[in-house]
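See below for start_2.json, which holds JSON, C-alpha atoms.
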[["chain", "number", "residue", "atom", "x", "y", "z"],
["M", 29, "THR", "CA", -3.21, 16.44, 12.18],
["M", 30, "THR", "CA", -3.11, 20.02, 13.48],
["M", 31, "THR", "CA", -3.16, 23.14, 11.31],
["M", 32, "THR", "CA", -1.88, 26.69, 11.72],
["M", 33, "THR", "CA", -1.84, 29.50, 9.17],
["M", 34, "THR", "CA", 0.66, 32.32, 8.62],
["M", 35, "THR", "CA", 1.07, 35.05, 6.03],
["M", 36, "THR", "CA", 4.70, 35.74, 6.87],
["M", 37, "PRO", "CA", 6.74, 36.36, 3.69],
["M", 38, "TYR", "CA", 9.34, 33.72, 2.96],
["M", 39, "VAL", "CA", 12.05, 34.27, 0.39],
["M", 40, "LYS", "CA", 14.89, 31.86, 1.12],
["M", 41, "GLY", "CA", 16.07, 28.66, -0.49],
["M", 42, "LEU", "CA", 13.61, 27.01, -2.85],
["M", 43, "ASP", "CA", 10.94, 29.53, -1.86],
["M", 44, "THR", "CA", 12.61, 32.38, -3.76],
["M", 45, "GLY", "CA", 10.21, 34.03, -6.20],
["M", 46, "ILE", "CA", 7.01, 32.91, -4.49],
["M", 47, "ALA", "CA", 7.14, 35.18, -1.43],
["M", 48, "LYS", "CA", 4.04, 36.36, 0.42],
["M", 49, "ARG", "CA", 1.93, 33.34, -0.43],
["M", 50, "LYS", "CA", -0.03, 32.14, 2.57],
["M", 51, "ARG", "CA", 1.52, 29.12, 4.31],
["M", 52, "VAL", "CA", -0.70, 26.59, 6.03],
["M", 53, "HIS", "CA", 1.32, 24.55, 8.53],
["M", 54, "LEU", "CA", 0.31, 20.93, 9.11],
["M", 55, "GLU", "CA", 1.63, 18.41, 11.62],
["M", 56, "GLY", "CA", 2.03, 14.77, 10.68],
["M", 57, "THR", "CA", 1.24, 11.95, 13.09],
["M", 58, "PRO", "CA", 4.04, 11.46, 15.67],
["M", 59, "VAL", "CA", 6.06, 8.25, 15.52],
["M", 60, "PRO", "CA", 7.21, 6.70, 18.84],
["M", 61, "GLN", "CA", 10.80, 7.62, 19.70],
["M", 62, "THR", "CA", 11.78, 3.98, 20.12],
["M", 63, "LYS", "CA", 10.85, 3.30, 16.48],
["M", 64, "ILE", "CA", 12.69, 6.42, 15.30],
["M", 65, "ASP", "CA", 15.81, 5.33, 17.18],
["M", 66, "GLU", "CA", 15.70, 1.85, 15.63],
["M", 67, "LEU", "CA", 15.33, 3.29, 12.15],
["M", 68, "LEU", "CA", 18.16, 5.78, 12.65],
["M", 69, "ILE", "CA", 20.52, 2.95, 13.60],
["M", 70, "GLU", "CA", 19.74, 1.17, 10.32],
["M", 71, "LEU", "CA", 19.80, 4.34, 8.21],
["M", 72, "ARG", "CA", 23.14, 5.45, 9.62],
["M", 73, "GLY", "CA", 24.43, 1.96, 8.94],
["M", 74, "TRP", "CA", 23.31, 2.33, 5.32],
["M", 75, "THR", "CA", 25.18, 5.62, 4.80],
["M", 76, "ALA", "CA", 28.20, 4.29, 6.71],
["M", 77, "ARG", "CA", 28.33, 1.44, 4.20],
["M", 78, "THR", "CA", 27.57, 3.33, 0.99],
["M", 79, "GLY", "CA", 28.78, 6.82, 1.88],
["M", 80, "LYS", "CA", 26.92, 10.03, 2.70],
["M", 81, "LEU", "CA", 27.73, 11.21, -0.81],
["M", 82, "ASN", "CA", 27.03, 8.30, -3.12],
["M", 83, "LYS", "CA", 27.11, 8.23, -6.93],
["M", 84, "ASN", "CA", 23.88, 6.27, -7.12],
["M", 85, "ARG", "CA", 22.28, 6.80, -10.55],
["M", 86, "GLU", "CA", 19.27, 4.56, -9.96],
["M", 87, "ARG", "CA", 17.04, 7.58, -10.48],
["M", 88, "PRO", "CA", 19.07, 10.57, -11.76],
["M", 89, "SER", "CA", 16.15, 12.95, -11.20],
["M", 90, "ILE", "CA", 16.38, 12.51, -7.42],
["M", 91, "GLN", "CA", 18.51, 15.26, -5.88],
["M", 92, "ALA", "CA", 19.97, 13.84, -2.68],
["M", 93, "SER", "CA", 23.38, 13.10, -1.21],
["M", 94, "ASN", "CA", 22.41, 9.42, -1.10],
["M", 95, "TYR", "CA", 19.25, 7.51, -1.88],
["M", 96, "MET", "CA", 17.82, 4.13, -2.77],
["M", 97, "ILE", "CA", 14.43, 2.73, -3.73],
["M", 98, "LEU", "CA", 13.11, -0.30, -1.86],
["M", 99, "ARG", "CA", 10.38, -2.25, -3.63],
["M", 100, "SER", "CA", 7.65, -4.16, -1.82],
["M", 101, "PRO", "CA", 8.38, -7.90, -1.57],
["M", 102, "LYS", "CA", 4.78, -8.53, -2.62],
["M", 103, "LEU", "CA", 5.66, -7.34, -6.12],
["M", 104, "ASP", "CA", 8.41, -9.90, -6.59],
["M", 105, "GLU", "CA", 7.29, -12.94, -4.65],
["M", 106, "GLY", "CA", 9.49, -15.85, -5.65],
["M", 107, "VAL", "CA", 12.26, -13.58, -6.86],
["M", 108, "THR", "CA", 12.73, -12.34, -3.29],
["M", 109, "ALA", "CA", 13.45, -15.87, -2.09],
["M", 110, "VAL", "CA", 16.14, -16.23, -4.76],
["M", 111, "ALA", "CA", 17.66, -12.91, -3.75],
["M", 112, "ALA", "CA", 17.77, -14.00, -0.12],
["M", 113, "ASN", "CA", 19.65, -17.10, -1.22],
["M", 114, "ILE", "CA", 22.11, -14.96, -3.16],
["M", 115, "CYS", "CA", 22.73, -12.69, -0.15],
["M", 116, "THR", "CA", 23.31, -15.72, 2.07],
["M", 117, "ASN", "CA", 25.65, -17.55, -0.27],
["M", 118, "THR", "CA", 27.81, -14.75, -1.67],
["M", 119, "SER", "CA", 30.38, -12.58, 0.05],
["M", 120, "GLY", "CA", 30.39, -9.00, -1.12],
["M", 121, "GLU", "CA", 27.83, -7.17, -3.15],
["M", 122, "GLY", "CA", 27.45, -8.64, -6.62],
["M", 123, "ASN", "CA", 30.08, -11.38, -6.20],
["M", 124, "GLY", "CA", 29.03, -14.70, -7.61],
["M", 125, "SER", "CA", 25.53, -13.50, -8.41],
["M", 126, "SER", "CA", 25.30, -15.22, -11.81],
["M", 127, "SER", "CA", 26.16, -18.66, -10.50],
["M", 128, "ALA", "CA", 23.93, -18.21, -7.45],
["M", 129, "MET", "CA", 21.06, -17.15, -9.68],
["M", 130, "ASN", "CA", 21.47, -20.23, -11.83],
["M", 131, "LYS", "CA", 21.69, -22.54, -8.84],
["M", 132, "GLY", "CA", 18.59, -20.90, -7.40],
["M", 133, "GLY", "CA", 16.67, -21.63, -10.56],
["M", 134, "SER", "CA", 16.01, -17.94, -11.24],
["M", 135, "THR", "CA", 16.73, -17.98, -14.98],
["M", 136, "ARG", "CA", 13.09, -17.03, -15.63],
["M", 137, "ALA", "CA", 13.37, -13.86, -13.53],
["M", 138, "SER", "CA", 14.82, -10.73, -15.04],
["M", 139, "ARG", "CA", 18.17, -9.59, -13.77],
["M", 140, "ARG", "CA", 16.65, -6.26, -12.88],
["M", 141, "ALA", "CA", 13.96, -7.85, -10.71],
["M", 142, "VAL", "CA", 16.56, -9.97, -8.95],
["M", 143, "ARG", "CA", 18.75, -6.92, -8.28],
["M", 144, "LYS", "CA", 15.82, -5.08, -6.74],
["M", 145, "ALA", "CA", 14.86, -8.07, -4.63],
["M", 146, "LYS", "CA", 18.45, -8.60, -3.55],
["M", 147, "LYS", "CA", 18.68, -4.96, -2.44],
["M", 148, "LEU", "CA", 15.47, -5.36, -0.44],
["M", 149, "GLU", "CA", 16.87, -8.40, 1.34],
["M", 150, "GLN", "CA", 20.08, -6.51, 2.09],
["M", 151, "TYR", "CA", 18.10, -3.66, 3.67],
["M", 152, "ARG", "CA", 15.07, -5.65, 4.78],
["M", 153, "LYS", "CA", 15.29, -4.31, 8.32],
["M", 154, "ILE", "CA", 14.83, -0.74, 7.06],
["M", 155, "TRP", "CA", 11.77, -1.84, 5.09],
["M", 156, "ASP", "CA", 10.28, -3.77, 8.01],
["M", 157, "LEU", "CA", 10.84, -0.96, 10.54],
["M", 158, "ALA", "CA", 9.50, 1.65, 8.13],
["M", 159, "MET", "CA", 6.38, -0.38, 7.37],
["M", 160, "ASP", "CA", 5.81, -1.06, 11.06],
["M", 161, "ALA", "CA", 5.68, 2.71, 11.68],
["M", 162, "LEU", "CA", 3.31, 3.20, 8.74],
["M", 163, "HIS", "CA", 0.96, 0.42, 9.88],
["M", 164, "ASP", "CA", 0.46, 2.28, 13.16],
["M", 165, "VAL", "CA", -0.76, 5.35, 11.25],
["M", 166, "ASP", "CA", -2.57, 4.01, 8.16],
["M", 167, "GLU", "CA", -3.08, 0.26, 7.78],
["M", 168, "VAL", "CA", -4.95, 0.63, 4.48],
["M", 169, "PHE", "CA", -2.17, 2.61, 2.81],
["M", 170, "ALA", "CA", 0.44, 0.27, 4.27],
["M", 171, "GLU", "CA", -1.17, -2.54, 2.26],
["M", 172, "ARG", "CA", -1.18, -0.42, -0.92],
["M", 173, "CYS", "CA", 2.39, 0.90, -0.63],
["M", 174, "THR", "CA", 4.61, -0.49, -3.40],
["M", 175, "GLU", "CA", 7.88, 1.38, -2.83],
["M", 176, "ILE", "CA", 9.83, 3.42, -0.30],
["M", 177, "ALA", "CA", 12.34, 6.06, -1.37],
["M", 178, "VAL", "CA", 15.09, 6.21, 1.26],
["M", 179, "THR", "CA", 17.10, 9.44, 1.13],
["M", 180, "PHE", "CA", 19.85, 11.29, 2.93],
["M", 181, "GLY", "CA", 20.34, 15.03, 2.37],
["M", 182, "PHE", "CA", 17.43, 15.37, -0.05],
["M", 183, "THR", "CA", 17.08, 18.80, -1.68],
["M", 184, "GLY", "CA", 14.97, 18.55, -4.84],
["M", 185, "SER", "CA", 13.30, 21.34, -6.79],
["M", 186, "PRO", "CA", 9.53, 21.79, -7.16],
["M", 187, "HIS", "CA", 8.11, 18.84, -9.09],
["M", 188, "ARG", "CA", 5.14, 16.49, -9.53],
["M", 189, "ASP", "CA", 5.18, 12.72, -9.04],
["M", 190, "LYS", "CA", 3.57, 11.78, -12.33],
["M", 191, "GLN", "CA", 3.86, 8.01, -11.85],
["M", 192, "ASN", "CA", 2.13, 7.91, -8.47],
["M", 193, "CYS", "CA", -1.44, 6.64, -8.49],
["M", 194, "GLY", "CA", -2.33, 8.28, -5.16],
["M", 195, "PRO", "CA", -0.97, 10.38, -2.26],
["M", 196, "PHE", "CA", 2.24, 9.48, -0.44],
["M", 197, "TYR", "CA", 3.47, 9.55, 3.16],
["M", 198, "GLY", "CA", 6.66, 11.33, 4.18],
["M", 199, "PHE", "CA", 8.70, 10.61, 7.33],
["M", 200, "ALA", "CA", 11.91, 12.52, 8.16],
["M", 201, "MET", "CA", 14.36, 12.09, 11.01],
["M", 202, "GLY", "CA", 17.80, 13.24, 12.09],
["M", 203, "ASP", "CA", 19.34, 16.18, 13.95],
["M", 204, "PHE", "CA", 18.13, 18.93, 11.59],
["M", 205, "PRO", "CA", 16.27, 21.74, 13.42],
["M", 206, "GLY", "CA", 12.57, 21.49, 14.09],
["M", 207, "GLY", "CA", 10.48, 23.75, 11.88],
["M", 208, "GLN", "CA", 12.77, 23.10, 8.90],
["M", 209, "GLY", "CA", 12.79, 20.52, 6.13],
["M", 210, "GLY", "CA", 9.04, 20.02, 5.88],
["M", 211, "ILE", "CA", 7.27, 18.99, 2.68],
["M", 212, "CYS", "CA", 5.78, 21.99, 0.87],
["M", 213, "VAL", "CA", 2.93, 21.46, -1.60],
["M", 214, "GLU", "CA", 0.97, 23.96, -3.68],
["M", 215, "ALA", "CA", -2.55, 23.75, -2.31],
["M", 216, "SER", "CA", -3.63, 26.55, -4.67],
["M", 217, "ALA", "CA", -2.13, 29.46, -6.59],
["M", 218, "ARG", "CA", -2.00, 31.52, -3.39],
["M", 219, "VAL", "CA", -1.58, 28.89, -0.66],
["M", 220, "VAL", "CA", 1.31, 26.56, 0.17],
["M", 221, "ALA", "CA", 0.74, 23.74, 2.65],
["M", 222, "VAL", "CA", 3.80, 22.82, 4.72],
["M", 223, "MET", "CA", 3.69, 19.34, 6.26],
["M", 224, "ASN", "CA", 5.98, 18.81, 9.24],
["M", 225, "THR", "CA", 7.36, 15.28, 8.87],
["M", 226, "LYS", "CA", 10.22, 15.45, 11.38],
["M", 227, "ASN", "CA", 9.70, 12.36, 13.55],
["M", 228, "ARG", "CA", 6.20, 12.24, 12.05],
["M", 229, "LEU", "CA", 4.33, 10.59, 9.21],
["M", 230, "GLY", "CA", 2.53, 13.12, 7.00],
["M", 231, "ARG", "CA", 0.23, 12.40, 4.05],
["M", 232, "VAL", "CA", 0.72, 14.58, 0.96],
["M", 233, "ASP", "CA", -0.50, 14.30, -2.62],
["M", 234, "GLY", "CA", 2.67, 14.51, -4.68],
["M", 235, "ARG", "CA", 0.71, 14.85, -7.90],
["M", 236, "TYR", "CA", 0.57, 18.52, -7.00],
["M", 237, "VAL", "CA", 3.76, 20.60, -7.21],
["M", 238, "HIS", "CA", 5.81, 19.99, -4.06],
["M", 239, "TRP", "CA", 9.34, 20.31, -2.67],
["M", 240, "VAL", "CA", 11.34, 20.04, 0.56],
["M", 241, "ASP", "CA", 11.50, 23.22, 2.62],
["M", 242, "SER", "CA", 14.87, 24.76, 3.46],
["M", 243, "TYR", "CA", 16.90, 23.21, 6.26],
["M", 244, "ASP", "CA", 20.43, 23.42, 7.66],
["M", 245, "LYS", "CA", 22.51, 21.34, 5.22],
["M", 246, "ASP", "CA", 25.22, 20.89, 7.85],
["M", 247, "CYS", "CA", 22.74, 18.79, 9.79],
["M", 248, "GLU", "CA", 21.57, 15.23, 9.29],
["M", 249, "ARG", "CA", 18.25, 14.63, 7.53],
["M", 250, "TYR", "CA", 17.07, 11.17, 6.50],
["M", 251, "SER", "CA", 13.69, 10.72, 4.89],
["M", 252, "LEU", "CA", 11.36, 7.90, 3.90],
["M", 253, "ILE", "CA", 8.80, 8.48, 1.16],
["M", 254, "TYR", "CA", 6.14, 5.79, 0.94],
["M", 255, "TYR", "CA", 4.27, 5.71, -2.37],
["M", 256, "GLU", "CA", 2.34, 3.47, -4.73],
["M", 257, "THR", "CA", 2.52, 2.87, -8.47],
["M", 258, "GLY", "CA", 0.61, 0.41, -10.61],
["M", 259, "ASN", "CA", -2.46, 0.22, -8.37],
["M", 260, "ASP", "CA", -5.93, 1.61, -9.11],
["M", 261, "TYR", "CA", -5.75, 5.34, -9.74],
["M", 262, "ILE", "CA", -7.08, 7.54, -6.94],
["M", 263, "THR", "CA", -8.57, 10.84, -8.12],
["M", 264, "PRO", "CA", -6.59, 13.72, -6.56],
["M", 265, "GLY", "CA", -8.33, 15.52, -3.69],
["M", 266, "PRO", "CA", -6.90, 18.25, -1.45],
["M", 267, "ALA", "CA", -3.10, 18.51, -1.60]]

As structure tokens, the full file:
Amino acid sequence: TTTTTTTTPYVKGLDTGIAKRKRVHLEGTPVPQTKIDELLIELRGWTARTGKLNKNRERPSIQASNYMILRSPKLDEGVTAVAANICTNTSGEGNGSSSAMNKGGSTRASRRAVRKAKKLEQYRKIWDLAMDALHDVDEVFAERCTEIAVTFGFTGSPHRDKQNCGPFYGFAMGDFPGGQGGICVEASARVVAVMNTKNRLGRVDGRYVHWVDSYDKDCERYSLIYYETGNDYITPGPA
């Protein structure tokens, strides 16, 4: 990770009202272009199927044109196998799910858990490609990661991730301009750290106030946010 520091005032977009704070610019770890290209194929397939402006209300607090949460298969072992069976034996999303669930012997699993596992199986290639990129950068965190937030056109206002038990990794890709759309986090009252995650994996502690920097909304920006909940709590360190 490389670091540069500027004191240039910034007053546009979500930065309005906090001008003249020092910005420390950080660079995430580059991801090989071949892996980025493979992920973009799958991500564009996802928005082609569900729409670039989707009425997904899975998490109403997330401000994005489209998003979904993928949950680690380790959290629902057994249920995932049932979901795979549902995906294989039904045509169309949600069709025949009740009968398939009963045939699969999943009556003990909650419907919610089965829905999450079914979604993971549907988009398993995105999960696998995303985790492969993360393993190259941080094998320890890759084993701890419990969920990935997949977004398109994320905007979001300054917020804290109160449910996270540790830092997260961000990874953005698309045709949005370089130098835009980084993850900003309040390192202190007078300093904002800006992590460049375009085609890179950057580690940020979202338990501090953070947001996505301004970027050209006419451009394409996909992002993956890898995080963990429910594991042992890690005491916050530097943002």

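Shortest atom-to-atom contact with Leu98 of chain M among M:Arg235, M:His187, M:Lys153, M:Arg249: M:Lys153, counting only C-alpha atoms.
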
task = Go through M:Ala200, M:Val232, M:Ile69, M:Ile90 one by one, measure the shortest atom-to-atom distance of each to Cys212 of chain M using only C-alpha atoms, and give the residue with the smallest value.
result = M:Val232

query = For Leu71 of chain M, which residue among M:Tyr250, M:Phe169, M:Phe182, M:Tyr261 is the nearest when counting all atoms listed in the file?
reply =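 The answer is M:Tyr250, which sits nearest to Leu71 of chain M.
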
request  = Just give me the gap between atom CA of Gly234 of chain M and atom CA of Asp164 of chain M in Å, one decimal is fine.
outcome  = 21.7 Å

inquiry  = Which residue is closest to Gly73 of chain M? Choose from M:Tyr243, M:Phe204, M:Tyr151, M:Tyr95 and count all atoms listed in the file.
reply    =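 Closest residue, counting all atoms listed in the file: M:Tyr151.
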
task = Could you jot down the atom CA of Pro205 of chain M to atom CA of Cys247 of chain M separation for me, Å, one decimal place?
result = 8.0 Å

inquiry  = Can you pull out the residues contacting Ile64 of chain M? Cut-off 8 Å, using all atoms listed in the file, and skip same-chain residues under 4 positions away; I want them as a count of residues only.
reply    = 5

Around all the atoms of segment 242-259 of chain M listed in the file, draw an axis-aligned box and extend it by 5 Å on each of the six sides; I want its centre and edge lengths in Å to one decimal, as AutoDock Vina command-line options.
--center_x 11.4 --center_y 12.5 --center_z -0.4 --size_x 37.7 --size_y 34.5 --size_z 30.4
